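Trainee: Structure supplied as coords_33.cif; contents: mmCIF, C-alpha atoms.
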data_model
loop_
_atom_site.label_atom_id
_atom_site.label_comp_id
_atom_site.auth_asym_id
_atom_site.auth_seq_id
_atom_site.Cartn_x
_atom_site.Cartn_y
_atom_site.Cartn_z
CA MET R 1 -46.89 6.71 6.83
CA PRO R 2 -46.23 9.52 4.30
CA PRO R 3 -47.07 9.01 0.64
CA PRO R 4 -44.18 7.43 -1.31
CA LEU R 5 -43.75 10.54 -3.47
CA LEU R 6 -42.74 12.59 -0.45
CA LEU R 7 -39.63 10.41 -0.05
CA LEU R 8 -38.37 11.18 -3.54
CA PRO R 9 -36.55 14.48 -2.69
CA VAL R 10 -34.74 12.79 0.20
CA VAL R 11 -33.58 9.95 -2.06
CA LEU R 12 -32.36 12.44 -4.65
CA VAL R 13 -30.42 14.38 -2.01
CA LEU R 14 -28.72 11.21 -0.78
CA PHE R 15 -27.66 10.23 -4.29
CA ALA R 16 -26.41 13.76 -4.97
CA ALA R 17 -24.33 13.74 -1.79
CA ALA R 18 -22.86 10.36 -2.66
CA ASP R 19 -21.92 11.60 -6.12
CA ALA R 20 -20.49 14.85 -4.77
CA SER R 21 -18.34 13.12 -2.17
CA PRO R 22 -17.21 9.73 -3.51
CA SER R 23 -15.84 7.14 -1.11
CA ALA R 24 -12.27 8.02 -2.12
CA CYS R 25 -12.83 11.53 -0.69
CA ARG R 26 -13.55 10.23 2.78
CA ASN R 27 -10.86 9.65 5.37
CA THR R 28 -9.91 6.03 5.98
CA THR R 29 -7.07 3.99 7.44
CA CYS R 30 -4.85 1.20 6.22
CA GLY R 31 -3.14 -0.64 9.01
CA ASP R 32 -2.35 2.16 11.45
CA VAL R 33 -1.78 4.88 8.82
CA PRO R 34 -4.63 7.37 8.26
CA VAL R 35 -5.34 8.17 4.60
CA ALA R 36 -6.90 11.57 3.94
CA TYR R 37 -7.12 14.13 1.13
CA PRO R 38 -5.05 14.88 -0.96
CA PHE R 39 -4.00 11.21 -0.72
CA TRP R 40 -6.47 8.56 -1.83
CA LEU R 41 -6.76 4.80 -2.01
CA ILE R 42 -6.39 3.19 -5.40
CA ASP R 43 -9.47 1.10 -6.09
CA ASN R 44 -9.56 -0.57 -9.50
CA SER R 45 -13.32 -1.15 -9.20
CA SER R 46 -14.14 2.54 -8.83
CA ALA R 47 -14.77 4.94 -11.71
CA LEU R 48 -14.21 7.91 -9.39
CA GLY R 49 -11.15 9.14 -7.59
CA CYS R 50 -10.75 12.04 -5.20
CA GLY R 51 -7.25 13.37 -4.57
CA TYR R 52 -4.15 14.63 -6.33
CA PRO R 53 -2.63 12.80 -9.31
CA GLY R 54 0.39 10.77 -8.20
CA LEU R 55 -0.79 10.60 -4.57
CA GLY R 56 -2.77 7.38 -4.93
CA LEU R 57 -1.90 4.73 -2.33
CA ARG R 58 -2.53 0.99 -2.41
CA CYS R 59 -3.72 -0.84 0.70
CA VAL R 60 -2.69 -4.52 0.89
CA ASP R 61 -4.74 -6.83 3.12
CA ASN R 62 -5.77 -3.76 5.13
CA THR R 63 -2.44 -3.99 6.95
CA ALA R 64 0.23 -2.37 4.75
CA LEU R 65 0.08 0.83 2.71
CA PHE R 66 2.22 1.34 -0.40
CA LEU R 67 2.98 4.24 -2.72
CA PRO R 68 3.38 3.06 -6.34
CA PHE R 69 6.03 5.27 -7.96
CA ARG R 70 6.90 4.66 -11.60
CA THR R 71 7.58 0.92 -11.77
CA HIS R 72 8.49 0.47 -8.10
CA GLN R 73 6.72 0.51 -4.74
CA TYR R 74 7.52 2.12 -1.40
CA LYS R 75 5.93 1.16 1.89
CA VAL R 76 4.27 4.05 3.72
CA LEU R 77 5.46 4.40 7.31
CA ASP R 78 3.64 7.62 8.21
CA ILE R 79 1.93 10.70 6.74
CA GLU R 80 2.20 14.04 8.55
CA TYR R 81 -0.54 16.16 7.04
CA GLY R 82 0.40 19.26 9.02
CA LYS R 83 3.97 19.18 7.69
CA HIS R 84 3.01 17.89 4.22
CA THR R 85 5.43 14.96 4.44
CA ILE R 86 5.13 11.23 3.81
CA SER R 87 7.64 8.76 5.28
CA LEU R 88 8.53 5.77 3.11
CA THR R 89 10.83 2.79 2.94
CA ASP R 90 11.77 0.77 -0.14
CA ALA R 91 9.42 -2.20 -0.55
CA ASP R 92 12.49 -4.32 -1.40
CA MET R 93 13.24 -4.34 2.32
CA GLN R 94 10.25 -6.68 2.69
CA HIS R 95 11.58 -9.26 0.23
CA SER R 96 13.02 -12.61 1.25
CA ASP R 97 16.27 -12.04 -0.71
CA THR R 98 17.08 -8.97 1.39
CA ASN R 99 19.02 -9.40 4.61
CA SER R 100 20.26 -6.85 7.11
CA SER R 101 23.93 -7.15 6.18
CA CYS R 102 23.30 -6.91 2.42
CA PRO R 103 20.10 -5.00 1.65
CA HIS R 104 19.38 -5.87 -1.97
CA LEU R 105 17.65 -2.90 -3.61
CA HIS R 106 16.52 -2.99 -7.23
CA ALA R 107 15.43 0.52 -8.21
CA ASN R 108 16.67 4.11 -8.02
CA LEU R 109 14.22 6.77 -6.91
CA THR R 110 14.06 9.34 -9.71
CA ILE R 111 11.77 12.33 -9.17
CA ASP R 112 10.92 14.92 -11.82
CA ASP R 113 11.01 18.58 -10.89
CA ASN R 114 7.29 18.92 -11.67
CA SER R 115 6.27 15.99 -9.49
CA TRP R 116 3.84 16.46 -6.59
CA LEU R 117 6.42 14.66 -4.46
CA GLN R 118 9.97 15.88 -3.77
CA LEU R 119 12.82 14.75 -1.51
CA ALA R 120 12.82 16.50 1.86
CA SER R 121 15.68 18.53 3.27
CA SER R 122 16.08 15.87 5.96
CA ASP R 123 17.18 13.27 3.38
CA SER R 124 20.62 12.08 2.39
CA ASN R 125 21.90 9.30 0.13
CA ILE R 126 23.85 6.08 0.40
CA THR R 127 24.99 4.23 -2.73
CA PHE R 128 25.01 0.46 -3.19
CA LEU R 129 27.26 -1.26 -5.74
CA TYR R 130 26.30 -4.89 -6.30
CA ASN R 131 28.41 -7.71 -7.73
CA CYS R 132 31.39 -5.64 -8.87
CA LYS R 133 34.11 -7.43 -10.85
CA SER R 134 36.84 -4.82 -10.45
CA ASN R 135 39.05 -4.96 -7.36
CA SER R 136 40.26 -1.40 -7.68
CA SER R 137 42.30 -0.03 -4.80
CA LEU R 138 40.12 3.09 -5.00
CA LEU R 139 37.29 1.13 -3.45
CA SER R 140 39.36 0.30 -0.39
CA SER R 141 40.67 3.83 0.00
CA THR R 142 37.37 5.72 -0.02
CA SER R 143 34.32 5.63 2.21
CA ALA R 144 33.31 2.24 0.86
CA VAL R 145 32.22 -0.61 3.11
CA LYS R 146 32.41 -4.13 1.73
CA LEU R 147 29.09 -5.90 2.19
CA THR R 148 28.77 -9.49 3.35
CA GLY R 149 26.01 -12.02 2.82
CA CYS R 150 25.16 -10.84 -0.69
CA GLY R 151 24.82 -14.36 -2.05
CA ALA R 152 27.02 -16.99 -3.59
CA GLY R 153 27.19 -19.04 -6.76
CA PRO R 154 27.81 -18.20 -10.44
CA ASP R 155 25.58 -15.11 -10.32
CA HIS R 156 27.56 -13.58 -7.45
CA ILE R 157 31.18 -13.78 -8.50
CA GLY R 158 32.01 -10.18 -7.60
CA THR R 159 32.01 -8.04 -4.50
CA SER R 160 29.32 -5.64 -3.26
CA TYR R 161 29.92 -2.31 -1.55
CA VAL R 162 28.07 0.59 0.01
CA PHE R 163 29.24 4.22 -0.07
CA LEU R 164 28.00 6.41 2.75
CA ASP R 165 28.72 9.74 1.12
CA GLY R 166 26.82 8.92 -2.06
CA TRP R 167 29.52 10.56 -4.20
CA ILE R 168 29.90 7.69 -6.63
CA THR R 169 27.44 7.57 -9.53
CA GLY R 170 28.70 7.23 -13.10
CA GLU R 171 32.17 6.25 -11.88
CA ALA R 172 30.67 3.10 -10.38
CA TYR R 173 30.28 1.58 -13.81
CA ASP R 174 34.07 1.65 -14.17
CA TYR R 175 34.13 -1.08 -11.53
CA GLU R 176 31.93 -3.32 -13.69
CA CYS R 177 29.19 -3.56 -11.12
CA GLU R 178 26.03 -5.42 -12.04
CA THR R 179 23.73 -2.89 -10.35
CA VAL R 180 24.15 0.57 -8.82
CA VAL R 181 21.37 1.91 -6.59
CA VAL R 182 21.35 5.30 -4.88
CA ALA R 183 19.01 5.05 -1.88
CA PRO R 184 17.57 8.00 0.06
CA VAL R 185 17.74 7.78 3.86
CA ILE R 186 17.22 10.19 6.74
CA ASP R 187 20.49 12.09 7.14
CA ALA R 188 20.24 12.08 10.96
CA HIS R 189 19.93 8.28 10.94
CA LYS R 190 23.00 7.92 8.74
CA LYS R 191 25.04 10.24 10.97
CA ALA R 192 23.92 8.36 14.08
CA MET R 193 25.08 5.10 12.51
CA VAL R 194 28.52 6.57 11.75
CA ASP R 195 28.80 8.15 15.21
CA ALA R 196 27.87 4.88 16.89
CA HIS R 197 30.89 3.19 15.32
CA GLY R 198 33.25 6.15 15.45
CA GLY R 199 33.58 6.13 11.65
CA LEU R 200 32.66 3.69 8.93
CA PRO R 201 30.30 1.05 10.31
CA PRO R 202 31.07 -2.64 9.80
CA ALA R 203 29.11 -4.71 7.29
CA ASP R 204 26.42 -5.76 9.75
CA GLY R 205 22.75 -4.96 10.11
CA SER R 206 23.30 -1.20 10.42
CA PHE R 207 22.59 -0.48 6.76
CA GLY R 208 19.40 -2.50 6.80
CA ASP R 209 18.25 -0.65 9.90
CA VAL R 210 18.86 2.76 8.32
CA LEU R 211 17.02 1.77 5.13
CA SER R 212 14.11 0.29 7.07
CA ALA R 213 13.79 3.55 9.02
CA GLY R 214 12.97 5.15 5.68
CA PHE R 215 13.17 8.63 4.21
CA GLU R 216 10.82 11.56 3.72
CA LEU R 217 9.13 13.13 0.73
CA THR R 218 7.31 16.44 0.80
CA TYR R 219 4.11 16.80 -1.15
CA SER R 220 2.83 19.98 -2.77
CA VAL R 221 -0.66 21.28 -2.11
CA HIS R 222 -0.52 23.92 -4.85
CA SER R 223 -2.20 23.41 -8.22
CA ASP R 224 -4.06 25.82 -10.48
CA LYS R 225 -6.91 23.42 -11.18
CA CYS R 226 -7.09 21.91 -7.71
CA GLY R 227 -6.68 25.30 -6.08
CA LYS R 228 -9.65 26.76 -7.94
CA CYS R 229 -11.74 23.72 -7.03
CA GLU R 230 -10.73 23.77 -3.36
CA ARG R 231 -11.23 27.52 -2.98
CA THR R 232 -14.88 26.99 -4.01
CA LYS R 233 -15.31 24.26 -1.34
CA GLY R 234 -14.80 21.30 -3.68
CA TRP R 235 -12.63 18.18 -3.70
CA CYS R 236 -10.06 17.80 -6.44
CA GLY R 237 -10.14 14.46 -8.25
CA TYR R 238 -10.92 12.66 -11.48
CA ARG R 239 -13.35 10.23 -13.08
CA HIS R 240 -13.43 8.01 -16.14
CA ASN R 241 -14.25 9.70 -19.44
CA GLU R 242 -17.59 8.48 -20.76
CA THR R 243 -16.19 7.88 -24.25
CA SER R 244 -12.75 6.47 -23.46
CA THR R 245 -10.60 4.84 -20.80
CA THR R 246 -8.84 8.10 -19.89
CA MET R 247 -9.44 10.02 -16.68
CA ASP R 248 -10.83 13.57 -16.71
CA PHE R 249 -10.11 16.22 -14.10
CA THR R 250 -13.15 16.57 -11.86
CA CYS R 251 -14.13 18.93 -9.07
CA PHE R 252 -16.51 17.17 -6.67
CA CYS R 253 -19.00 19.67 -5.26
CA ASP R 254 -22.03 19.48 -2.99
CA GLU R 255 -24.24 19.94 -6.03
CA GLY R 256 -22.41 17.27 -8.01
CA PRO R 257 -19.19 16.85 -10.02
CA THR R 258 -18.02 19.55 -12.44
CA LYS R 259 -15.09 19.98 -14.80
CA SER R 260 -13.80 23.19 -13.21
CA HIS R 261 -15.05 24.51 -9.86
CA CYS R 262 -18.10 24.65 -7.61
CA GLU R 263 -20.87 27.21 -7.78
CA LEU R 264 -21.04 29.21 -4.59
CA GLY R 265 -24.70 30.05 -4.66
CA PRO R 266 -26.71 33.20 -5.43
CA GLY R 267 -25.13 36.50 -4.54
CA ILE R 268 -21.61 35.06 -4.23
CA SER R 269 -19.15 35.69 -7.04
CA ASN R 270 -16.64 32.98 -7.95
CA SER R 271 -14.23 35.77 -8.89
CA ASN R 272 -13.72 36.46 -5.19
CA TYR R 273 -11.99 33.08 -4.83
CA TRP R 274 -9.12 33.58 -7.34
#
What is this file in structure tokens?
Mentor:
Amino acid sequence: MPPPLLLLPVVLVLFAAADASPSACRNTTCGDVPVAYPFWLIDNSSALGCGYPGLGLRCVDNTALFLPFRTHQYKVLDIEYGKHTISLTDADMQHSDTNSSCPHLHANLTIDDNSWLQLASSDSNITFLYNCKSNSSLLSSTSAVKLTGCGAGPDHIGTSYVFLDGWITGEAYDYECETVVVAPVIDAHKKAMVDAHGGLPPADGSFGDVLSAGFELTYSVHSDKCGKCERTKGWCGYRHNETSTTMDFTCFCDEGPTKSHCELGPGISNSNYW
């Protein structure tokens, strides 16, 4: 048996490797969806995170994967890493108050121009108007479909509609609707629904099916900080600041975490990588 001191370098190497490549950097799965860099699993117990800001995913009961976005959540259906797309459906479609003939959505998807995520060219919109008091003839003369099964009682005294062309936004408030939600869907799915009925579909489960089939977002893999880190063989991420609760940008390297980029070893200039 070798002297105990001879084991010390091996132990140090193992700890260095663990620090350089935190668990969030390693590929994993949630349900049947693989999670790999630049996406990462949100783990409240971890002080380290490896991946792009805004691409953190939450795994629930190891069966369902969700993307938290602003104050809402979207269920992840698939991630195509080669195409840089993520397929999502509104988490409201999982709720008990949502039925196929009247999908009750609660939040609009608003994406800033500088977000890592953007709507894909394959997407289109449909607009839901819930509990509208006005009975304007305009509603019956446009591409509106009257929804059924949206509830009854004092809180549901109006009528709910869906517009397939998504044209109606600010004008919807003229109809005194309680809620207006513009929902992204796959354009091909919406066209297939219309074609299947030879025009406007009836108020049945078609709208719920199209929403459940989801929509796509593209994600960017370009960032000045992350690019410099990745070009020097590092993983882009973050870790808790030692003096506060904020998160600092971190480049995880084989030799350990840094605040900028990895060292490439003797004789290799970092300037060759940017």
Trainee: Please compute the atom CA of Thr250 of chain R-atom CA of Lys75 of chain R distance, one decimal, in Å.
Mentor: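 Distance between the two atoms: 28.1 Å.
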Trainee: Grab the atom CA of Glu80 of chain R to atom CA of Cys59 of chain R distance for me, in Å with one decimal place.
Mentor: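 Separating atom CA of Glu80 of chain R from atom CA of Cys59 of chain R is a distance of 17.8 Å.
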Trainee: For the structure shown, which residues end up in the PyMOL selection byres ((chain R and resi 60) around 12)? Put them as a ChimeraX atom specification, please?
Mentor: /R:29-31,41-43,57-59,61-67,75-76
Trainee: Go ahead and save the picked residues with C-alpha atoms, as an mmCIF file, in the frame of the given file.
Mentor:
data_model
loop_
_atom_site.group_PDB
_atom_site.id
_atom_site.type_symbol
_atom_site.label_atom_id
_atom_site.label_comp_id
_atom_site.auth_asym_id
_atom_site.auth_seq_id
_atom_site.Cartn_x
_atom_site.Cartn_y
_atom_site.Cartn_z
ATOM 1 C CA THR R 29 -7.070 3.990 7.440
ATOM 2 C CA CYS R 30 -4.850 1.200 6.220
ATOM 3 C CA GLY R 31 -3.140 -0.640 9.010
ATOM 4 C CA LEU R 41 -6.760 4.800 -2.010
ATOM 5 C CA ILE R 42 -6.390 3.190 -5.400
ATOM 6 C CA ASP R 43 -9.470 1.100 -6.090
ATOM 7 C CA LEU R 57 -1.900 4.730 -2.330
ATOM 8 C CA ARG R 58 -2.530 0.990 -2.410
ATOM 9 C CA CYS R 59 -3.720 -0.840 0.700
ATOM 10 C CA ASP R 61 -4.740 -6.830 3.120
ATOM 11 C CA ASN R 62 -5.770 -3.760 5.130
ATOM 12 C CA THR R 63 -2.440 -3.990 6.950
ATOM 13 C CA ALA R 64 0.230 -2.370 4.750
ATOM 14 C CA LEU R 65 0.080 0.830 2.710
ATOM 15 C CA PHE R 66 2.220 1.340 -0.400
ATOM 16 C CA LEU R 67 2.980 4.240 -2.720
ATOM 17 C CA LYS R 75 5.930 1.160 1.890
ATOM 18 C CA VAL R 76 4.270 4.050 3.720
#
Trainee: Provide the atom CA of Phe249 of chain R to atom CA of Gly227 of chain R distance in Å, to one decimal place.
Mentor: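 Distance reported for this atom pair: 12.6 Å.
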Trainee: At a cut-off of 7 Å, using all atoms listed in the file, what residues contact Val181 of chain R? Leave out same-chain residues fewer than 4 positions from it and give the result as a list in words.
Mentor: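 Selected residues are Leu105, His106, Ala107, Asn108, Thr127, Phe128 and Leu129 of chain R.
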Trainee: Assuming the chain letters and numbering stay as they are in my file, what does the PyMOL selection byres ((chain R and resi 120-125) around 6) actually select? List them as a ChimeraX atom specification.
Mentor: /R:119,126,166,183-187,216-218
Trainee: Mind checking which residues fall within 8 Å of His261 of chain R, counting only C-alpha atoms, ignoring those fewer than 3 positions away in the same chain, and posting them as a PyMOL selection string?
Mentor: chain R and resi 228-230+232+234+251+253+258
Trainee: Which is closest to Phe215 of chain R among R:Gln73, R:Ala188, R:Thr89, R:Arg239, if we use all atoms listed in the file?
Mentor: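 Checking each of R:Gln73, R:Ala188, R:Thr89, R:Arg239 against Phe215 of chain R, counting all atoms listed in the file, the winner is R:Thr89.
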Trainee: Tell me which protein, DNA and RNA residues are within 10 Å of Ile111 of chain R, counting all atoms listed in the file, leaving out same-chain ones fewer than 5 positions away, and put them as a list in words.
Mentor: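 Final neighbour list, sorted by chain and number: Phe69, Arg70, Trp116, Leu117, Gln118 and Leu119 of chain R.
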Trainee: Ranking R:Val33, R:Cys226, R:Cys50, R:Met193 by minimum distance to Gly208 of chain R and counting only C-alpha atoms, which one comes first?
Mentor: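 The answer is R:Met193, which sits nearest to Gly208 of chain R.
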Trainee: Which residues match the PyMOL selection byres ((chain R and resi 200) around 9) in the file above, as a PyMOL selection string?
Mentor: chain R and resi 143-145+164+193-195+197-199+201-202
Trainee: Of the candidates R:Ser260, R:Asn27, R:Thr179, R:Ser115, which one gets nearest to Ser160 of chain R if we count only C-alpha atoms?
Mentor: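 Closest candidate: R:Thr179.
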Trainee: Looking at all atoms listed in the file, which of R:Cys262, R:Lys146, R:Ser220, R:Asp92 is the one that sits closest to Trp235 of chain R?
Mentor: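 When distances to Trp235 of chain R are compared using all atoms listed in the file, the smallest one comes from R:Cys262.
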Trainee: Find the residue from R:Lys190, R:Leu211, R:Leu55, R:Glu176 that sits nearest to Thr85 of chain R; use all atoms listed in the file when measuring.
Mentor: R:Leu55
Trainee: Between R:Lys233, R:His72, R:Arg26, R:His84, which residue has the minimum interatomic distance to Tyr219 of chain R, considering only C-alpha atoms?
Mentor: R:His84
